[in-house]
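Below is one structure, written out as structure tokens; comments come after it.
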Amino acid sequence: MVSLIVAGEIGFWVVLTAGLLARYGLRLRRTGAVLLALLPVVDLVILGATVADLRGGATADWTHGLAAAYVGFSLAYGRRLVRWADGHAAHRLAGGPKPAGMPKYGAPRARYEWGVFALTLLASAVTVALVAAVQWLVGDSARTAALDSWYPRMGLVVGINLLVAASYTVFPKREK
């Protein structure tokens with residue numbers, strides 16, 4: 001499973017790079033758009049392989065939960081990541097404006113961090129839903145018991161991100 005997740009991550013970046021190179025380097029906007037639209041297919045392959053592995057009789061371990069987390073975070077953060085990469089590719093390959101970075105100070109930074117928190121909350125919710133769905137699809141709690149550890153793990157991730165966002169609200173970083 002780890003190999004599949006690593007291959008999926010590599011595949012994601014290869015498809016993203018190919019889409020941006022087609023769009024800006026080769027000026028093939030439609031081809032670039034089609035390639036970028038294929039990014040969710042990588043997630044579906046990972047999810048499908050995870051379910052197939054477990055339904056085929058495998059006993060779940062942490063890697064099956066990692067696959068669910070990969071898909072959850074990819075779905076939640078994917079659009080933002082593609083926008084970020086698209087802005088940088090437009091700047092470097094097509095002479096577009098330099099993309100604005102994240103805010104560094106005060107209320108704008110706090111709003112940014114709350115946006116990150118919202119995405120993390122969504123990613124964690126998707127991960128938990130996928131883990132629960134996989135457990136339900138397999139229908140054998142003895143073989144999927146290892147996936148139970150992903151529920152508190154996602155709660156911890158959300159909790160840490162909540163503390164970070166709250167810290168930027170309560171203790172805003174000030175410009176020097």
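Following the order of the structure tokens, first chain is A, next is B, and so on, with residues numbered from 1 inside each chain and ligands from 1 in the order they appear.
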- Message: Neighbouring residues of region 127-132 of chain A were defined as those with any atom within 7 Å, considering only C-alpha atoms; residues of the same chain fewer than 6 positions away were excluded. Please report them as a list in words.
- Response: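 Residues meeting the cut-off are Gly65, Ala68, Ala69, Gly72, Leu147 and Tyr151 of chain A.
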Would you output that residue set with N, CA, C and O atoms, as a compact mmCIF listing (two decimals), in the first residue's frame?
# COMPACT_ATOMS: atom_id res chain seq x y z
N GLY A 65 -5.28 3.16 6.19
CA GLY A 65 -5.74 4.45 6.73
C GLY A 65 -5.00 5.61 6.11
O GLY A 65 -5.57 6.67 5.85
N ALA A 68 -6.56 6.49 2.89
CA ALA A 68 -7.76 7.31 3.09
C ALA A 68 -7.39 8.75 3.41
O ALA A 68 -8.00 9.70 2.91
N ALA A 69 -6.36 8.93 4.25
CA ALA A 69 -5.91 10.28 4.60
C ALA A 69 -5.34 10.99 3.37
O ALA A 69 -5.60 12.18 3.16
N GLY A 72 -8.31 12.09 1.38
CA GLY A 72 -9.00 13.17 2.07
C GLY A 72 -8.28 14.50 1.95
O GLY A 72 -8.88 15.53 1.62
N LEU A 147 -7.89 0.24 11.49
CA LEU A 147 -8.34 1.53 10.95
C LEU A 147 -8.96 2.42 12.03
O LEU A 147 -9.05 3.63 11.85
N TYR A 151 -9.42 7.52 13.63
CA TYR A 151 -10.42 8.48 14.16
C TYR A 151 -9.77 9.46 15.14
O TYR A 151 -9.85 10.67 14.93
- One-decimal distance in Å that lies between CA of Glu9 (chain A) and CA of Ala165 (chain A):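 Distance reported for this atom pair: 27.2 Å.
Interatomic distance, CA of Trp62 (chain A) to CA of Ala133 (chain A): 15.8 Å.
Excluding Leu66 (chain A) itself and same-chain residues fewer than 6 positions from it, the residues having an atom within 12 Å of it are Met1, Val2, Ser3, Leu4, Ile5, Val6, Ile46, Leu47, Thr50, Ala60, Gly72, Phe73, Ser74, Ser124, Thr127, Val128, Leu130, Val131, Ala146, Leu147, Ser149, Trp150, Tyr151, Arg153 and Met154 of chain A, counting only C-alpha atoms.
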- Extract, using only C-alpha atoms, all DNA, RNA and protein residues at most 9 Å from Phe117 (chain A), discarding same-chain residues fewer than 3 positions from it, and format them as a ChimeraX atom specification. /A:112-114,120-122,158,161-162,164-165
- Task: Could you give me, as a list in words, the residues within 9 Å of Gly11 (chain A), counting only C-alpha atoms and dropping anything in the same chain fewer than 5 positions from it?
- Result: Val6, Leu16, Leu39 and Val42 of chain A
- A:Lys173, A:Trp13, A:Arg30, A:Ala18 ranked by distance to Arg109 (chain A), top pick (using only C-alpha atoms):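 The closest residue to Arg109 (chain A) is A:Lys173.
Proximity of A:Ala125, A:Val157, A:Asp140, A:Val15 to Gly56 (chain A), computed with only C-alpha atoms, is greatest for A:Asp140.
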- Separation of CA of Gly78 (chain A) from CA of Gln135 (chain A), in Å and rounded to one decimal: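 Answer for the CA of Gly78 (chain A) to CA of Gln135 (chain A) separation: 25.0 Å.
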- Give the alpha helix (DSSP H) residues of region 47-77 of chain A, as assigned by DSSP on the backbone, as a VMD selection string. chain A and resid 47 to 55 62 to 77
With N, CA, C and O atoms retained, could you export that selection as a JSON list (two decimals), in the first residue's frame?
[["chain", "number", "residue", "atom", "x", "y", "z"],
["A", 47, "LEU", "N", -7.89, 4.96, -3.86],
["A", 47, "LEU", "CA", -9.05, 4.52, -3.07],
["A", 47, "LEU", "C", -9.56, 3.16, -3.55],
["A", 47, "LEU", "O", -9.84, 2.26, -2.74],
["A", 48, "GLY", "N", -9.66, 3.00, -4.85],
["A", 48, "GLY", "CA", -10.12, 1.72, -5.41],
["A", 48, "GLY", "C", -9.20, 0.57, -5.05],
["A", 48, "GLY", "O", -9.65, -0.52, -4.70],
["A", 49, "ALA", "N", -7.89, 0.81, -5.13],
["A", 49, "ALA", "CA", -6.92, -0.24, -4.79],
["A", 49, "ALA", "C", -7.00, -0.60, -3.32],
["A", 49, "ALA", "O", -6.87, -1.78, -2.94],
["A", 50, "THR", "N", -7.24, 0.39, -2.47],
["A", 50, "THR", "CA", -7.36, 0.13, -1.03],
["A", 50, "THR", "C", -8.56, -0.75, -0.74],
["A", 50, "THR", "O", -8.46, -1.75, -0.02],
["A", 51, "VAL", "N", -9.69, -0.38, -1.32],
["A", 51, "VAL", "CA", -10.91, -1.17, -1.12],
["A", 51, "VAL", "C", -10.74, -2.57, -1.69],
["A", 51, "VAL", "O", -11.11, -3.57, -1.05],
["A", 52, "ALA", "N", -10.17, -2.67, -2.89],
["A", 52, "ALA", "CA", -9.98, -3.98, -3.52],
["A", 52, "ALA", "C", -9.06, -4.86, -2.67],
["A", 52, "ALA", "O", -9.31, -6.06, -2.52],
["A", 53, "ASP", "N", -8.00, -4.28, -2.13],
["A", 53, "ASP", "CA", -7.07, -5.03, -1.29],
["A", 53, "ASP", "C", -7.79, -5.60, -0.06],
["A", 53, "ASP", "O", -7.64, -6.78, 0.26],
["A", 54, "LEU", "N", -8.58, -4.76, 0.59],
["A", 54, "LEU", "CA", -9.28, -5.21, 1.79],
["A", 54, "LEU", "C", -10.41, -6.18, 1.47],
["A", 54, "LEU", "O", -10.61, -7.16, 2.19],
["A", 55, "ARG", "N", -11.14, -5.92, 0.41],
["A", 55, "ARG", "CA", -12.22, -6.85, 0.05],
["A", 55, "ARG", "C", -11.67, -8.17, -0.46],
["A", 55, "ARG", "O", -12.36, -9.19, -0.41],
["A", 62, "TRP", "N", -2.01, 0.29, 9.10],
["A", 62, "TRP", "CA", -1.95, 1.75, 9.06],
["A", 62, "TRP", "C", -1.89, 2.30, 7.64],
["A", 62, "TRP", "O", -2.33, 3.41, 7.37],
["A", 63, "THR", "N", -1.36, 1.52, 6.69],
["A", 63, "THR", "CA", -1.23, 2.02, 5.32],
["A", 63, "THR", "C", -2.58, 2.21, 4.64],
["A", 63, "THR", "O", -2.73, 3.10, 3.81],
["A", 64, "HIS", "N", -3.56, 1.38, 5.00],
["A", 64, "HIS", "CA", -4.89, 1.55, 4.43],
["A", 64, "HIS", "C", -5.52, 2.85, 4.93],
["A", 64, "HIS", "O", -6.19, 3.56, 4.18],
["A", 65, "GLY", "N", -5.28, 3.16, 6.19],
["A", 65, "GLY", "CA", -5.74, 4.45, 6.73],
["A", 65, "GLY", "C", -5.00, 5.61, 6.11],
["A", 65, "GLY", "O", -5.57, 6.67, 5.85],
["A", 66, "LEU", "N", -3.70, 5.41, 5.85],
["A", 66, "LEU", "CA", -2.91, 6.45, 5.19],
["A", 66, "LEU", "C", -3.45, 6.74, 3.80],
["A", 66, "LEU", "O", -3.49, 7.89, 3.36],
["A", 67, "ALA", "N", -3.88, 5.71, 3.11],
["A", 67, "ALA", "CA", -4.47, 5.90, 1.78],
["A", 67, "ALA", "C", -5.73, 6.76, 1.88],
["A", 67, "ALA", "O", -5.94, 7.67, 1.08],
["A", 68, "ALA", "N", -6.56, 6.49, 2.89],
["A", 68, "ALA", "CA", -7.76, 7.31, 3.09],
["A", 68, "ALA", "C", -7.39, 8.75, 3.41],
["A", 68, "ALA", "O", -8.00, 9.70, 2.91],
["A", 69, "ALA", "N", -6.36, 8.93, 4.25],
["A", 69, "ALA", "CA", -5.91, 10.28, 4.60],
["A", 69, "ALA", "C", -5.34, 10.99, 3.37],
["A", 69, "ALA", "O", -5.60, 12.18, 3.16],
["A", 70, "TYR", "N", -4.60, 10.28, 2.54],
["A", 70, "TYR", "CA", -4.06, 10.87, 1.33],
["A", 70, "TYR", "C", -5.20, 11.40, 0.45],
["A", 70, "TYR", "O", -5.16, 12.53, -0.03],
["A", 71, "VAL", "N", -6.20, 10.57, 0.26],
["A", 71, "VAL", "CA", -7.34, 10.98, -0.58],
["A", 71, "VAL", "C", -8.07, 12.15, 0.07],
["A", 71, "VAL", "O", -8.42, 13.13, -0.60],
["A", 72, "GLY", "N", -8.31, 12.09, 1.38],
["A", 72, "GLY", "CA", -9.00, 13.17, 2.07],
["A", 72, "GLY", "C", -8.28, 14.50, 1.95],
["A", 72, "GLY", "O", -8.88, 15.53, 1.62],
["A", 73, "PHE", "N", -6.98, 14.49, 2.19],
["A", 73, "PHE", "CA", -6.21, 15.74, 2.11],
["A", 73, "PHE", "C", -6.04, 16.19, 0.67],
["A", 73, "PHE", "O", -6.04, 17.39, 0.39],
["A", 74, "SER", "N", -5.93, 15.26, -0.25],
["A", 74, "SER", "CA", -5.83, 15.62, -1.65],
["A", 74, "SER", "C", -7.12, 16.28, -2.14],
["A", 74, "SER", "O", -7.07, 17.28, -2.86],
["A", 75, "LEU", "N", -8.25, 15.75, -1.73],
["A", 75, "LEU", "CA", -9.52, 16.35, -2.13],
["A", 75, "LEU", "C", -9.71, 17.73, -1.51],
["A", 75, "LEU", "O", -10.17, 18.66, -2.16],
["A", 76, "ALA", "N", -9.35, 17.88, -0.24],
["A", 76, "ALA", "CA", -9.56, 19.15, 0.44],
["A", 76, "ALA", "C", -8.57, 20.22, -0.03],
["A", 76, "ALA", "O", -8.95, 21.36, -0.28],
["A", 77, "TYR", "N", -7.31, 19.87, -0.14],
["A", 77, "TYR", "CA", -6.27, 20.84, -0.46],
["A", 77, "TYR", "C", -5.92, 20.88, -1.95],
["A", 77, "TYR", "O", -5.19, 21.77, -2.39]]
- Contact residues around region 20-29 of chain A with only C-alpha atoms at 9 Å, ignoring same-chain residues under 4 positions, as JSON, numbers by chain: {"A": [15, 16, 33, 34, 35, 36, 85, 86, 89, 90, 93, 94]}
Keeping N, CA, C and O atoms, export the residues of the selection given above as an mmCIF file, in the first residue's frame.
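That gives us again09.cif:
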data_model
loop_
_atom_site.group_PDB
_atom_site.id
_atom_site.type_symbol
_atom_site.label_atom_id
_atom_site.label_comp_id
_atom_site.auth_asym_id
_atom_site.auth_seq_id
_atom_site.Cartn_x
_atom_site.Cartn_y
_atom_site.Cartn_z
ATOM 1 N N VAL A 15 1.225 14.448 -13.373
ATOM 2 C CA VAL A 15 0.058 14.933 -14.116
ATOM 3 C C VAL A 15 -0.077 16.449 -13.963
ATOM 4 O O VAL A 15 -0.360 17.162 -14.940
ATOM 5 N N LEU A 16 0.139 16.954 -12.755
ATOM 6 C CA LEU A 16 0.071 18.400 -12.531
ATOM 7 C C LEU A 16 1.116 19.128 -13.373
ATOM 8 O O LEU A 16 0.809 20.106 -14.064
ATOM 9 N N ALA A 33 -5.907 21.741 -19.579
ATOM 10 C CA ALA A 33 -7.116 21.654 -18.755
ATOM 11 C C ALA A 33 -7.556 20.200 -18.579
ATOM 12 O O ALA A 33 -7.974 19.798 -17.484
ATOM 13 N N VAL A 34 -7.453 19.420 -19.653
ATOM 14 C CA VAL A 34 -7.830 18.002 -19.561
ATOM 15 C C VAL A 34 -6.900 17.269 -18.602
ATOM 16 O O VAL A 34 -7.359 16.484 -17.749
ATOM 17 N N LEU A 35 -5.611 17.532 -18.712
ATOM 18 C CA LEU A 35 -4.660 16.881 -17.805
ATOM 19 C C LEU A 35 -4.924 17.276 -16.356
ATOM 20 O O LEU A 35 -4.909 16.414 -15.458
ATOM 21 N N LEU A 36 -5.187 18.544 -16.112
ATOM 22 C CA LEU A 36 -5.483 18.969 -14.742
ATOM 23 C C LEU A 36 -6.789 18.365 -14.235
ATOM 24 O O LEU A 36 -6.918 18.059 -13.053
ATOM 25 N N ALA A 85 0.139 26.244 -7.865
ATOM 26 C CA ALA A 85 1.062 25.809 -8.913
ATOM 27 C C ALA A 85 0.766 26.520 -10.228
ATOM 28 O O ALA A 85 1.691 26.912 -10.953
ATOM 29 N N ASP A 86 -0.509 26.720 -10.536
ATOM 30 C CA ASP A 86 -0.899 27.409 -11.765
ATOM 31 C C ASP A 86 -0.386 28.851 -11.763
ATOM 32 O O ASP A 86 0.131 29.335 -12.771
ATOM 33 N N ALA A 89 3.378 28.723 -12.326
ATOM 34 C CA ALA A 89 3.696 28.343 -13.706
ATOM 35 C C ALA A 89 3.391 29.500 -14.655
ATOM 36 O O ALA A 89 4.185 29.776 -15.569
ATOM 37 N N ALA A 90 2.272 30.183 -14.447
ATOM 38 C CA ALA A 90 1.939 31.331 -15.296
ATOM 39 C C ALA A 90 3.012 32.407 -15.175
ATOM 40 O O ALA A 90 3.394 33.037 -16.170
ATOM 41 N N LEU A 93 6.493 30.660 -16.697
ATOM 42 C CA LEU A 93 6.482 30.175 -18.078
ATOM 43 C C LEU A 93 5.780 31.100 -19.055
ATOM 44 O O LEU A 93 6.000 30.998 -20.266
ATOM 45 N N ALA A 94 4.888 31.959 -18.561
ATOM 46 C CA ALA A 94 4.088 32.772 -19.477
ATOM 47 C C ALA A 94 4.159 34.269 -19.169
ATOM 48 O O ALA A 94 3.365 35.042 -19.689
#
